[in-house]
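Participant: Data: target21.csv, CSV, C-alpha atoms and all ligand atoms.
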chain,number,residue,atom,x,y,z
A,41,MET,CA,-76.8,31.1,-141.4
A,42,THR,CA,-73.6,33.1,-141.3
A,43,THR,CA,-70.7,30.6,-141.5
A,44,SER,CA,-67.1,31.3,-140.7
A,45,SER,CA,-64.3,29.0,-139.6
A,46,SER,CA,-62.4,29.3,-136.3
A,47,THR,CA,-59.2,27.5,-135.4
A,48,LYS,CA,-59.1,25.5,-132.2
A,49,PRO,CA,-55.9,25.6,-130.1
A,50,THR,CA,-52.9,23.7,-131.6
A,51,GLY,CA,-53.5,20.0,-132.0
A,52,ALA,CA,-57.3,20.3,-132.1
A,53,PRO,CA,-59.1,19.8,-135.4
A,54,THR,CA,-60.4,22.9,-137.2
A,55,VAL,CA,-64.1,23.1,-136.9
A,56,ALA,CA,-66.7,25.2,-138.6
A,57,VAL,CA,-68.6,27.4,-136.2
A,58,THR,CA,-71.8,29.2,-137.0
A,59,PRO,CA,-71.9,32.3,-134.9
A,60,VAL,CA,-75.2,33.7,-134.1
A,61,PRO,CA,-74.6,37.3,-133.0
A,62,LEU,CA,-77.0,39.3,-130.9
A,63,LEU,CA,-77.0,42.1,-133.4
A,64,ASP,CA,-75.1,43.1,-136.5
A,65,LEU,CA,-74.7,46.8,-137.0
A,66,LYS,CA,-72.5,46.6,-140.1
A,67,ARG,CA,-75.1,44.5,-141.8
A,68,GLN,CA,-77.8,47.0,-140.9
A,69,TYR,CA,-75.8,49.7,-142.6
A,70,LEU,CA,-75.0,47.6,-145.7
A,71,THR,CA,-78.7,46.8,-146.2
A,72,ILE,CA,-79.3,50.4,-147.4
A,73,LYS,CA,-75.8,51.6,-147.8
A,74,ASP,CA,-76.3,53.6,-151.0
A,75,GLU,CA,-79.3,55.5,-149.5
A,76,LEU,CA,-77.4,56.3,-146.3
A,77,ASP,CA,-74.3,57.3,-148.1
A,78,ARG,CA,-76.3,59.7,-150.4
A,79,ALA,CA,-78.1,61.2,-147.4
A,80,VAL,CA,-74.8,62.0,-145.7
A,81,LEU,CA,-73.3,63.4,-148.8
A,82,ASN,CA,-76.3,65.6,-149.3
A,83,VAL,CA,-75.8,67.1,-145.8
A,84,LEU,CA,-72.1,67.6,-146.4
A,85,ASP,CA,-73.2,69.4,-149.6
A,86,HIS,CA,-75.7,71.8,-148.1
A,87,GLY,CA,-73.6,72.3,-145.0
A,88,LYS,CA,-76.3,72.9,-142.3
A,89,PHE,CA,-74.7,70.4,-139.9
A,90,ILE,CA,-76.7,71.1,-136.8
A,91,LEU,CA,-80.5,71.5,-136.7
A,92,GLY,CA,-80.6,71.5,-140.5
A,93,PRO,CA,-83.6,70.8,-142.6
A,94,GLU,CA,-83.5,67.1,-142.1
A,95,VAL,CA,-83.8,67.6,-138.3
A,96,LYS,CA,-87.0,69.5,-138.8
A,97,GLU,CA,-88.3,66.9,-141.2
A,98,LEU,CA,-87.5,64.1,-138.8
A,99,GLU,CA,-89.1,65.9,-135.8
A,100,ALA,CA,-92.3,66.5,-137.8
A,101,LYS,CA,-92.3,62.9,-139.1
A,102,ILE,CA,-91.8,61.2,-135.7
A,103,ALA,CA,-94.3,63.5,-134.0
A,104,GLU,CA,-97.0,62.7,-136.6
A,105,TYR,CA,-96.2,59.0,-136.5
A,106,SER,CA,-96.5,58.9,-132.7
A,107,GLY,CA,-99.7,61.0,-132.6
A,108,CYS,CA,-98.0,64.0,-130.9
A,109,LYS,CA,-97.9,67.7,-131.9
A,110,TYR,CA,-94.2,68.4,-131.5
A,111,GLY,CA,-90.9,66.6,-131.8
A,112,ILE,CA,-87.7,68.0,-130.4
A,113,GLY,CA,-84.5,66.4,-131.7
A,114,VAL,CA,-81.7,66.1,-129.2
A,115,ASN,CA,-78.3,64.3,-129.2
A,116,SER,CA,-79.1,61.3,-127.1
A,117,GLY,CA,-81.9,59.5,-125.2
A,118,THR,CA,-80.2,60.5,-121.9
A,119,ASP,CA,-80.4,64.2,-122.9
A,120,ALA,CA,-84.0,63.6,-124.0
A,121,LEU,CA,-84.8,62.4,-120.4
A,122,ILE,CA,-82.9,65.1,-118.6
A,123,LEU,CA,-84.3,67.9,-120.7
A,124,GLY,CA,-87.8,66.4,-120.7
A,125,LEU,CA,-87.8,66.3,-116.8
A,126,LYS,CA,-86.4,69.8,-116.6
A,127,SER,CA,-89.0,71.1,-119.1
A,128,LEU,CA,-91.7,69.9,-116.6
A,129,GLY,CA,-90.1,71.8,-113.8
A,130,ILE,CA,-88.7,68.7,-112.0
A,131,GLY,CA,-85.7,69.5,-109.8
A,132,PRO,CA,-84.2,69.5,-106.3
A,133,GLY,CA,-86.6,68.3,-103.6
A,134,ASP,CA,-88.8,66.4,-106.0
A,135,GLU,CA,-89.1,62.6,-106.1
A,136,VAL,CA,-89.6,60.8,-109.4
A,137,ILE,CA,-90.9,57.2,-109.3
A,138,THR,CA,-89.3,55.0,-111.9
A,139,THR,CA,-88.7,51.3,-112.4
A,140,SER,CA,-85.8,49.3,-110.8
A,141,LEU,CA,-84.9,47.5,-114.0
A,142,SER,CA,-83.6,49.7,-116.8
A,143,TRP,CA,-80.4,51.0,-118.3
A,144,ILE,CA,-78.9,53.3,-115.7
A,145,ALA,CA,-79.5,56.4,-117.9
A,146,THR,CA,-83.1,56.4,-116.6
A,147,ALA,CA,-82.1,56.9,-113.0
A,148,ASN,CA,-79.2,59.2,-113.8
A,149,SER,CA,-81.4,61.6,-115.8
A,150,ILE,CA,-83.6,62.1,-112.6
A,151,THR,CA,-80.5,62.5,-110.4
A,152,LEU,CA,-78.9,65.0,-112.8
A,153,THR,CA,-81.9,67.3,-112.5
A,154,GLY,CA,-81.3,67.4,-108.8
A,155,ALA,CA,-84.4,65.3,-108.1
A,156,THR,CA,-84.4,61.9,-106.3
A,157,PRO,CA,-85.3,58.6,-108.1
A,158,VAL,CA,-87.5,56.3,-106.2
A,159,PHE,CA,-87.4,52.7,-107.5
A,160,ALA,CA,-90.6,50.7,-108.0
A,161,ASP,CA,-90.8,46.9,-108.4
A,162,VAL,CA,-91.4,45.2,-111.7
A,163,GLN,CA,-94.0,42.7,-112.9
A,164,ASP,CA,-93.0,39.4,-114.6
A,165,ASP,CA,-93.3,41.2,-117.9
A,166,LEU,CA,-90.3,43.2,-116.7
A,167,ASN,CA,-92.2,46.5,-116.7
A,168,ILE,CA,-93.0,48.7,-113.7
A,169,ASP,CA,-95.7,47.4,-111.4
A,170,PRO,CA,-98.4,50.1,-111.0
A,171,ARG,CA,-99.3,48.7,-107.5
A,172,SER,CA,-95.8,49.3,-106.4
A,173,VAL,CA,-95.8,52.8,-107.8
A,174,GLU,CA,-98.9,53.7,-105.8
A,175,ARG,CA,-97.3,52.4,-102.5
A,176,LEU,CA,-94.3,54.6,-103.1
A,177,ILE,CA,-96.1,58.0,-103.6
A,178,THR,CA,-95.3,60.6,-101.0
A,179,ASP,CA,-95.9,64.4,-100.7
A,180,ASN,CA,-92.6,64.9,-102.5
A,181,THR,CA,-93.6,62.8,-105.5
A,182,LYS,CA,-93.8,65.0,-108.6
A,183,ALA,CA,-93.6,62.6,-111.5
A,184,LEU,CA,-93.7,59.0,-112.8
A,185,LEU,CA,-91.1,57.8,-115.2
A,186,PRO,CA,-92.1,54.4,-116.6
A,187,VAL,CA,-89.8,52.6,-119.0
A,188,HIS,CA,-91.3,50.6,-121.9
A,189,PHE,CA,-88.7,47.9,-121.2
A,190,ASN,CA,-87.5,45.7,-124.1
A,191,GLY,CA,-90.0,47.3,-126.4
A,192,LYS,CA,-93.2,46.5,-124.5
A,193,VAL,CA,-95.4,49.4,-123.4
A,194,CYS,CA,-96.1,49.6,-119.7
A,195,GLU,CA,-99.6,49.2,-118.2
A,196,MET,CA,-100.5,52.8,-119.2
A,197,ASP,CA,-104.2,52.7,-118.2
A,198,GLU,CA,-103.2,52.1,-114.6
A,199,LEU,CA,-100.2,54.5,-114.7
A,200,THR,CA,-102.2,57.4,-116.3
A,201,THR,CA,-104.9,56.9,-113.7
A,202,ILE,CA,-102.4,57.0,-110.9
A,203,ALA,CA,-100.7,60.1,-112.4
A,204,GLU,CA,-104.1,61.9,-112.7
A,205,LYS,CA,-105.3,60.9,-109.2
A,206,HIS,CA,-102.1,62.2,-107.5
A,207,ASN,CA,-101.5,65.1,-109.9
A,208,LEU,CA,-98.2,63.8,-111.1
A,209,LYS,CA,-96.4,64.5,-114.4
A,210,LEU,CA,-95.8,61.5,-116.6
A,211,ILE,CA,-92.6,61.1,-118.6
A,212,GLU,CA,-92.3,58.0,-120.8
A,213,ASP,CA,-88.9,56.5,-121.3
A,214,ALA,CA,-89.6,55.1,-124.7
A,215,ALA,CA,-85.9,54.7,-125.5
A,216,GLN,CA,-86.5,51.0,-126.4
A,217,ALA,CA,-90.0,51.2,-127.7
A,218,PHE,CA,-90.3,53.2,-130.8
A,219,SER,CA,-93.5,52.2,-132.6
A,220,ALA,CA,-94.6,49.9,-129.8
A,221,ARG,CA,-98.4,49.9,-129.1
A,222,TYR,CA,-100.6,49.5,-126.1
A,223,LYS,CA,-104.3,48.9,-127.0
A,224,ASP,CA,-105.1,51.6,-129.6
A,225,ASN,CA,-102.2,53.9,-128.7
A,226,ILE,CA,-98.6,54.2,-129.6
A,227,ALA,CA,-95.5,54.6,-127.3
A,228,GLY,CA,-94.8,58.3,-126.9
A,229,SER,CA,-98.5,59.4,-126.9
A,230,PHE,CA,-99.2,58.9,-123.2
A,231,GLY,CA,-96.9,61.2,-121.3
A,232,ASP,CA,-96.6,65.0,-120.8
A,233,VAL,CA,-93.3,64.3,-122.5
A,234,ALA,CA,-91.9,61.1,-124.1
A,235,CYS,CA,-88.3,60.4,-124.7
A,236,PHE,CA,-86.6,58.2,-127.3
A,237,SER,CA,-83.1,57.1,-128.0
A,238,MET,CA,-82.1,56.4,-131.5
A,239,ASN,CA,-78.6,55.2,-130.8
A,240,PRO,CA,-77.2,52.4,-133.1
A,241,MET,CA,-78.5,49.6,-131.0
A,242,LYS,CA,-82.1,50.7,-131.1
A,243,ILE,CA,-84.7,49.4,-133.5
A,244,PHE,CA,-85.1,52.8,-135.0
A,245,ALA,CA,-81.4,53.6,-135.0
A,246,GLY,CA,-79.1,56.3,-136.2
A,247,LEU,CA,-75.4,55.6,-136.9
A,248,GLY,CA,-74.3,57.5,-133.9
A,249,GLU,CA,-75.9,59.2,-130.9
A,250,ALA,CA,-79.4,60.6,-131.3
A,251,GLY,CA,-82.6,61.3,-129.3
A,252,MET,CA,-86.1,62.8,-129.6
A,253,ILE,CA,-88.6,64.3,-127.2
A,254,LEU,CA,-92.3,64.4,-128.0
A,255,THR,CA,-94.9,66.6,-126.4
A,256,ASP,CA,-98.3,68.1,-127.2
A,257,SER,CA,-97.7,71.3,-125.3
A,258,VAL,CA,-96.4,74.4,-127.1
A,259,GLU,CA,-95.0,75.8,-123.9
A,260,ILE,CA,-93.0,72.7,-123.2
A,261,LYS,CA,-91.8,72.6,-126.8
A,262,ASP,CA,-90.5,76.2,-126.6
A,263,ARG,CA,-88.8,75.5,-123.3
A,264,LEU,CA,-87.1,72.4,-124.8
A,265,HIS,CA,-85.9,74.4,-127.8
A,266,SER,CA,-84.3,76.7,-125.3
A,267,LEU,CA,-82.9,74.0,-123.0
A,268,ARG,CA,-81.3,72.1,-125.9
A,269,TYR,CA,-79.2,75.2,-126.8
A,270,ALA,CA,-77.6,76.7,-123.7
A,271,GLY,CA,-81.0,77.9,-122.3
A,272,THR,CA,-81.2,80.6,-124.9
A,273,VAL,CA,-84.0,82.4,-126.7
A,274,ASP,CA,-83.3,83.6,-130.2
A,275,ARG,CA,-79.9,81.8,-129.9
A,276,GLU,CA,-78.3,84.7,-127.9
A,277,ILE,CA,-80.3,85.6,-124.8
A,278,CYS,CA,-79.7,83.0,-122.0
A,279,VAL,CA,-82.9,82.7,-119.8
A,280,GLU,CA,-81.7,79.7,-117.8
A,281,PRO,CA,-78.6,77.6,-117.7
A,282,GLY,CA,-78.8,74.8,-120.4
A,283,TYR,CA,-76.7,72.2,-122.2
A,284,ASN,CA,-75.8,71.9,-125.8
A,285,SER,CA,-78.0,69.0,-126.8
A,286,ARG,CA,-78.9,69.6,-130.4
A,287,LEU,CA,-79.4,66.8,-132.9
A,288,ASP,CA,-76.8,66.5,-135.7
A,289,THR,CA,-78.2,66.9,-139.2
A,290,ILE,CA,-76.3,63.9,-140.5
A,291,GLN,CA,-78.0,61.6,-137.9
A,292,ALA,CA,-81.4,63.0,-138.8
A,293,ALA,CA,-80.7,62.4,-142.5
A,294,MET,CA,-79.8,58.8,-141.9
A,295,LEU,CA,-82.7,58.3,-139.6
A,296,LEU,CA,-85.1,59.5,-142.3
A,297,LYS,CA,-83.8,56.8,-144.5
A,298,ARG,CA,-84.1,54.2,-141.8
A,299,PHE,CA,-87.7,55.4,-141.0
A,300,ASP,CA,-88.9,54.1,-144.4
A,301,ARG,CA,-87.9,50.6,-143.5
A,302,LEU,CA,-89.1,50.6,-139.9
A,303,ASP,CA,-92.3,48.5,-140.4
A,304,GLU,CA,-90.3,45.8,-142.2
A,305,VAL,CA,-87.7,45.7,-139.5
A,306,ILE,CA,-90.3,45.4,-136.7
A,307,GLU,CA,-92.2,42.7,-138.7
A,308,LYS,CA,-89.1,40.6,-138.9
A,309,ARG,CA,-88.5,40.9,-135.1
A,310,ARG,CA,-92.1,39.9,-134.4
A,311,GLU,CA,-91.8,36.9,-136.7
A,312,ILE,CA,-88.7,35.7,-134.9
A,313,ALA,CA,-90.3,36.3,-131.5
A,314,ASN,CA,-93.3,34.2,-132.6
A,315,ILE,CA,-91.0,31.3,-133.4
A,316,TYR,CA,-89.1,31.6,-130.1
A,317,ASN,CA,-92.5,31.8,-128.3
A,318,GLU,CA,-93.7,28.7,-130.0
A,319,LYS,CA,-90.5,26.6,-129.5
A,320,LEU,CA,-89.4,27.8,-126.1
A,321,HIS,CA,-92.6,28.3,-124.0
A,322,ASP,CA,-92.5,24.8,-122.5
A,323,ILE,CA,-88.8,25.1,-121.7
A,324,VAL,CA,-88.2,28.6,-120.2
A,325,MET,CA,-90.4,31.5,-119.4
A,326,THR,CA,-91.0,33.4,-122.6
A,327,PRO,CA,-92.0,37.1,-122.7
A,328,VAL,CA,-95.4,37.8,-121.1
A,329,ASN,CA,-97.7,39.1,-123.8
A,330,SER,CA,-101.2,40.0,-124.4
A,331,GLU,CA,-102.9,40.2,-127.8
A,332,SER,CA,-103.0,43.9,-127.7
A,333,ASP,CA,-99.5,44.6,-126.3
A,334,GLY,CA,-97.9,45.7,-129.6
A,335,HIS,CA,-94.4,44.5,-128.5
A,336,VAL,CA,-91.6,45.6,-130.9
A,337,TYR,CA,-89.0,43.2,-129.3
A,338,TYR,CA,-86.1,45.6,-128.9
A,339,ALA,CA,-85.0,42.6,-126.9
A,340,TYR,CA,-86.4,39.1,-126.7
A,341,THR,CA,-85.8,38.2,-123.1
A,342,ILE,CA,-86.5,34.9,-121.4
A,343,LEU,CA,-86.5,34.1,-117.7
A,344,ALA,CA,-84.4,31.0,-117.3
A,345,ASP,CA,-83.4,28.7,-114.5
A,346,ASP,CA,-79.6,28.1,-114.3
A,347,ARG,CA,-79.3,31.3,-116.4
A,348,ASP,CA,-75.5,31.7,-116.1
A,349,ASP,CA,-74.8,28.1,-117.1
A,350,LEU,CA,-77.2,28.4,-120.0
A,351,LYS,CA,-75.5,31.6,-121.1
A,352,GLU,CA,-72.1,29.9,-121.0
A,353,PHE,CA,-73.4,26.9,-122.9
A,354,LEU,CA,-74.9,29.1,-125.6
A,355,GLU,CA,-71.7,31.0,-125.9
A,356,SER,CA,-69.8,27.7,-126.4
A,357,GLU,CA,-72.2,27.0,-129.2
A,358,GLY,CA,-71.4,30.4,-130.8
A,359,ILE,CA,-74.7,32.0,-129.7
A,360,GLU,CA,-74.3,35.5,-128.3
A,361,THR,CA,-76.7,36.5,-125.5
A,362,LYS,CA,-76.9,39.4,-123.1
A,363,ILE,CA,-78.1,40.1,-119.6
A,364,ARG,CA,-80.1,43.4,-119.9
A,365,HIS,CA,-79.3,44.6,-117.2
A,366,PRO,CA,-77.4,42.5,-114.6
A,367,VAL,CA,-77.4,45.1,-111.8
A,368,LEU,CA,-80.7,46.7,-110.8
A,369,MET,CA,-80.5,50.5,-110.8
A,370,PRO,CA,-81.0,50.9,-107.0
A,371,GLN,CA,-78.2,48.3,-106.5
A,372,GLN,CA,-75.7,50.2,-108.6
A,373,PRO,CA,-72.7,51.6,-106.6
A,374,ALA,CA,-73.8,55.1,-107.4
A,375,TYR,CA,-77.3,54.5,-105.8
A,376,LYS,CA,-77.3,51.7,-103.3
A,377,GLU,CA,-76.4,53.7,-100.2
A,378,ASN,CA,-79.5,55.8,-100.4
A,379,ALA,CA,-81.9,54.0,-102.8
A,380,ARG,CA,-85.5,54.1,-101.7
A,381,GLY,CA,-88.1,51.8,-103.2
A,382,GLU,CA,-89.2,48.2,-103.4
A,383,PHE,CA,-87.7,45.7,-105.8
A,384,SER,CA,-88.1,42.1,-104.5
A,385,ASN,CA,-89.6,40.8,-107.7
A,386,ALA,CA,-87.0,42.7,-109.7
A,387,GLU,CA,-84.3,40.9,-107.7
A,388,ARG,CA,-85.9,37.6,-108.5
A,389,VAL,CA,-86.3,38.2,-112.3
A,390,VAL,CA,-82.9,39.8,-112.8
A,391,ALA,CA,-81.2,36.6,-111.8
A,392,LYS,CA,-83.1,34.8,-114.6
A,393,ILE,CA,-83.2,37.3,-117.5
A,394,LEU,CA,-81.4,36.5,-120.7
A,395,SER,CA,-81.8,38.3,-124.1
A,396,LEU,CA,-81.5,36.0,-127.1
A,397,PRO,CA,-80.4,37.1,-130.6
A,398,ILE,CA,-83.1,38.9,-132.6
A,399,GLY,CA,-83.0,41.0,-135.7
A,400,GLU,CA,-82.8,41.1,-139.5
A,401,HIS,CA,-79.4,39.5,-139.6
A,402,LEU,CA,-80.9,36.2,-138.5
A,403,ASP,CA,-82.5,33.5,-140.7
A,404,ARG,CA,-84.7,30.6,-139.8
A,405,ASP,CA,-81.7,28.2,-139.3
A,406,ASP,CA,-80.2,30.6,-136.8
A,407,ILE,CA,-83.4,30.7,-134.8
A,408,ASP,CA,-83.9,27.0,-134.9
A,409,PHE,CA,-80.3,26.5,-133.8
A,410,VAL,CA,-80.8,28.8,-130.8
A,411,CYS,CA,-84.0,27.0,-129.8
A,412,SER,CA,-82.5,23.5,-130.2
A,413,SER,CA,-79.4,24.6,-128.2
A,414,ILE,CA,-81.6,25.8,-125.3
A,415,SER,CA,-83.5,22.5,-125.4
A,416,ASP,CA,-80.3,20.5,-125.5
A,417,PHE,CA,-79.0,22.5,-122.5
A,418,TYR,CA,-82.0,21.6,-120.3
A,419,GLN,CA,-82.1,18.0,-121.5
A,420,LYS,CA,-78.5,17.2,-121.1
A,421,TYR,CA,-76.9,19.6,-118.6
A,422,SER,CA,-79.5,20.8,-116.1
A,423,ASN,CA,-80.7,18.7,-113.3
B,501,LIG,C1,-84.4,52.5,-121.3
B,501,LIG,C2,-83.3,53.5,-121.7
B,501,LIG,N1,-83.4,54.8,-121.3
B,501,LIG,C3,-82.5,55.7,-121.7
B,501,LIG,C4,-81.4,55.3,-122.6
B,501,LIG,C5,-80.4,56.3,-122.9
B,501,LIG,O1,-80.3,56.5,-124.3
B,501,LIG,P1,-79.0,57.0,-125.0
B,501,LIG,O2,-78.0,55.9,-125.0
B,501,LIG,O3,-79.4,57.4,-126.4
B,501,LIG,O4,-78.5,58.2,-124.2
B,501,LIG,C6,-81.3,54.0,-123.0
B,501,LIG,C7,-80.3,53.6,-123.9
B,501,LIG,O5,-79.9,52.5,-124.1
B,501,LIG,C8,-82.3,53.1,-122.6
B,501,LIG,O6,-82.3,51.8,-123.0
Could you write out this structure as C-alpha cells?
Ligand SMILES: Cc1ncc(COP(=O)(O)O)c(C=O)c1O
Facilitator:
Amino acid sequence: MTTSSSTKPTGAPTVAVTPVPLLDLKRQYLTIKDELDRAVLNVLDHGKFILGPEVKELEAKIAEYSGCKYGIGVNSGTDALILGLKSLGIGPGDEVITTSLSWIATANSITLTGATPVFADVQDDLNIDPRSVERLITDNTKALLPVHFNGKVCEMDELTTIAEKHNLKLIEDAAQAFSARYKDNIAGSFGDVACFSMNPMKIFAGLGEAGMILTDSVEIKDRLHSLRYAGTVDREICVEPGYNSRLDTIQAAMLLKRFDRLDEVIEKRREIANIYNEKLHDIVMTPVNSESDGHVYYAYTILADDRDDLKEFLESEGIETKIRHPVLMPQQPAYKENARGEFSNAERVVAKILSLPIGEHLDRDDIDFVCSSISDFYQKYSN
C-alpha cells in the first residue's frame, strides 16, 4: 500500500493516510522508464517525427492482434471516430444510433460529420441495449455506433444481425476496450471500422494523445489515409477537405513498448476485478459478466445505492473514485434541446454508477481496504 502522511488542520493530531488513487500515470511510466526513454531517443535520432517507421509497425501490429487487415494511426480516439464515420460516407441528413452512456466524444464525432446522433438505452451491464436500437431505426438511419463501455464488448451478435437486416454500417467505439473479447472474437473485429483511443488513461496507453482505426477494406483504408492528411492523395492533391490527424512517431514508439506488457497489465486488472466481485457482490451491484465476455476492466464500475454518500465516505478514507460519466450524452447542454432517443434505464443506472480504483499500482491491501470501507459504509452509515 502506498503510504504518505498528511497533516490535519492545526490542533488536530497528524495521522498517516493511505491514499488509494484511481490510477497512477507516473508509476506506469516508471515501470518501463528505460525502455520508453530509449524509444523516444531513437525517434529523436532518426528524425521521422510524423508517420515514421514506428507508426507503420504499430499499425501492422494492432491490425494483426485485432484480426483486421489494416490499421490507420491517428492523433486521438475522437479523430478516429470522426474519420471512421466519414470514411463510410456518413454525413448531413444521416442518423447514427449510439448509446446514451459514454464519454461525450462519441456523440460529438457523429455531430461533427454533420449527421445526427440518436441515443439508445443501456442494459444493466452499461452497454447499448440492442432492443432499444431496433426501436429507434428510421429511414434516415445509416449506421450503428456501439461503445464497448468500461472495457466490455457489447452484444455484438444482436448488433451485427440488426446492422445486416437494416443495411446499416457498423462502427465500433472500442476506445475503452483494447483486447477485450466477445465469444471467440476481439474488440475491433466486428465493425466496418473500429476506433481506439490510446490516450494516457487507457489500458493500452501512449504518453500523450493517440488513436487508431481498423478496417478490412482497402478502399476505406485509402480514404482514411487521405482524410488524416488534409484530404490529399500523394500528399499534395486535395480530393476532399480533411483534417490533420496523423499519429506522432514518438507516441507510436512508446506504444510499441507498452504493447509488449499488455497481457500482464490486463491480467492484473482481471485479478483485481475478481477480488472485488467476490467481496462486493452481496453489498452492491458488481459488473454484469458472462463467462465469455472477455472484459478488460478499463473501469471497474459498481451500481450503488446512496452512491454520492458512498463516494464522499470513500474520499474521506483516501480512496479515489470516479463517476464515469455523471451526465448522459443526450442530457448534456450541447444536446438536450434536440436529443432523440430513449434512455430511461440509462437515467436509473447513471445515478448509481461508481468506478473503483483498478490497475497495476494497487496491491492486495489496497483492494481489501476498498472492499472493507464499502462494507463499513453500508453497515454503519446507510439506513
Ligand atoms: C468511449 C470513448 N470514445 C471516444 C473517446 C475519445 O478518445 P480520445 O480522448 O483519444 O479523443 C474516449 C476517450 O476517453 C472514450 O472513452
Participant: Considering all atoms listed in the file, can you say which of A:Gln291, A:Thr71, A:Thr153, A:Thr255 comes closest to Gly111 of chain A?
Facilitator: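 The answer is A:Thr255, which sits nearest to Gly111 of chain A.
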Participant: Grab the atom CA of Leu402 of chain A to atom CA of Tyr338 of chain A distance for me, in Å with one decimal place.
Facilitator: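 Separation between atom CA of Leu402 of chain A and atom CA of Tyr338 of chain A: 14.4 Å.
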Participant: Name each residue within 7 Å of ligand LIG 501 (chain B), counting only C-alpha atoms and all ligand atoms, as a PyMOL selection string.
Facilitator: chain A and resi 116-119+142-143+145-146+187+189+213-216+237-239+249-251
Participant: Write the residues you've just listed into a file as a PDB file, in the coordinates of the input, and include C-alpha atoms for each of them.
Facilitator:
ATOM      1  CA  SER A 116     -79.100  61.300-127.100  1.00  0.00           C
ATOM      2  CA  GLY A 117     -81.900  59.500-125.200  1.00  0.00           C
ATOM      3  CA  THR A 118     -80.200  60.500-121.900  1.00  0.00           C
ATOM      4  CA  ASP A 119     -80.400  64.200-122.900  1.00  0.00           C
ATOM      5  CA  SER A 142     -83.600  49.700-116.800  1.00  0.00           C
ATOM      6  CA  TRP A 143     -80.400  51.000-118.300  1.00  0.00           C
ATOM      7  CA  ALA A 145     -79.500  56.400-117.900  1.00  0.00           C
ATOM      8  CA  THR A 146     -83.100  56.400-116.600  1.00  0.00           C
ATOM      9  CA  VAL A 187     -89.800  52.600-119.000  1.00  0.00           C
ATOM     10  CA  PHE A 189     -88.700  47.900-121.200  1.00  0.00           C
ATOM     11  CA  ASP A 213     -88.900  56.500-121.300  1.00  0.00           C
ATOM     12  CA  ALA A 214     -89.600  55.100-124.700  1.00  0.00           C
ATOM     13  CA  ALA A 215     -85.900  54.700-125.500  1.00  0.00           C
ATOM     14  CA  GLN A 216     -86.500  51.000-126.400  1.00  0.00           C
ATOM     15  CA  SER A 237     -83.100  57.100-128.000  1.00  0.00           C
ATOM     16  CA  MET A 238     -82.100  56.400-131.500  1.00  0.00           C
ATOM     17  CA  ASN A 239     -78.600  55.200-130.800  1.00  0.00           C
ATOM     18  CA  GLU A 249     -75.900  59.200-130.900  1.00  0.00           C
ATOM     19  CA  ALA A 250     -79.400  60.600-131.300  1.00  0.00           C
ATOM     20  CA  GLY A 251     -82.600  61.300-129.300  1.00  0.00           C
TER      21      GLY A 251
END
Participant: One decimal, in Å: what's the spacing between atom CA of Asp288 of chain A and atom CA of Phe89 of chain A?
Facilitator: 6.1 Å
Participant: Would you mind reading off the distance between atom CA of Gly124 of chain A and atom CA of Arg301 of chain A, one decimal, in Å?
Facilitator: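 Straight-line distance from atom CA of Gly124 of chain A to atom CA of Arg301 of chain A works out to 27.7 Å.
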Participant: Using all atoms listed in the file for the distances, tell me which of A:Tyr375, A:Phe409, A:Tyr418, A:Tyr337 is nearest to Pro157 of chain A.
Facilitator: A:Tyr375
Participant: Would you tabulate, counting all atoms listed in the file, all residues of segment 151-242 of chain A that have an atom at most 9 Å from an atom of segment 310-328 of chain A, showing the closest pair of atoms and their distance in Å to one decimal, sorted by chain then ascending number, as JSON lines?
Facilitator:
{"residue": "A:Asp164", "atom": "CA", "partner": "A:Val328", "partner_atom": "CA", "distance": 7.1}
{"residue": "A:Asp165", "atom": "CA", "partner": "A:Val328", "partner_atom": "CA", "distance": 5.1}
{"residue": "A:Leu166", "atom": "CA", "partner": "A:Val328", "partner_atom": "CA", "distance": 8.6}
Participant: Give me the residues near Cys278 of chain A as a ChimeraX atom specification, where near means some atom within 12 Å (using all atoms listed in the file) and where sequence neighbours in that chain fewer than 5 positions away do not count.
Facilitator: /A:263,266-273,283
Participant: What lies within 12 Å of Lys420 of chain A using all atoms listed in the file, ignoring chain neighbours under 6 positions off, as a PyMOL selection string?
Facilitator: chain A and resi 350+353+412-414
Participant: Using only C-alpha atoms, can you tell me which of A:Glu276, A:Asp197, A:Glu174, A:Asp224 comes closest to Ala160 of chain A?
Facilitator: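 Between A:Glu276, A:Asp197, A:Glu174, A:Asp224, the residue approaching Ala160 of chain A most closely is A:Glu174.
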Participant: Would you pick out the contacts of Ile398 of chain A at 12 Å or less, using only C-alpha atoms, so that residues sharing its chain but fewer than 3 positions from it are not included, and give the list as a PyMOL selection string?
Facilitator: chain A and resi 60-64+190+241-243+305-316+336-341+359-362+395+401-404+406-407+410
Participant: Measuring atom to atom with all atoms listed in the file, identify which of A:Glu212, A:Asp85, A:Glu195, A:Glu75 is nearest to Phe236 of chain A.
Facilitator: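 The shortest atom-to-atom distance to Phe236 of chain A comes from A:Glu212.
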Participant: Using all atoms listed in the file, what table do you get, as JSON lines, when you list each residue of segment 65-142 of chain A with an atom no more than 10 Å from segment 378-385 of chain A, its nearest pair of atoms, and their distance in Å rounded to one decimal, rows by chain then rising number?
Facilitator:
{"residue": "A:Ile137", "atom": "CA", "partner": "A:Gly381", "partner_atom": "CA", "distance": 8.6}
{"residue": "A:Thr138", "atom": "CA", "partner": "A:Gly381", "partner_atom": "CA", "distance": 9.3}
{"residue": "A:Thr139", "atom": "CA", "partner": "A:Phe383", "partner_atom": "CA", "distance": 8.7}
{"residue": "A:Ser140", "atom": "CA", "partner": "A:Phe383", "partner_atom": "CA", "distance": 6.4}
{"residue": "A:Leu141", "atom": "CA", "partner": "A:Phe383", "partner_atom": "CA", "distance": 8.8}
Participant: Rank nothing, just name the residue among A:Tyr105, A:Phe244, A:Tyr69, A:Tyr110 nearest to Glu304 of chain A, using all atoms listed in the file.
Facilitator: A:Phe244
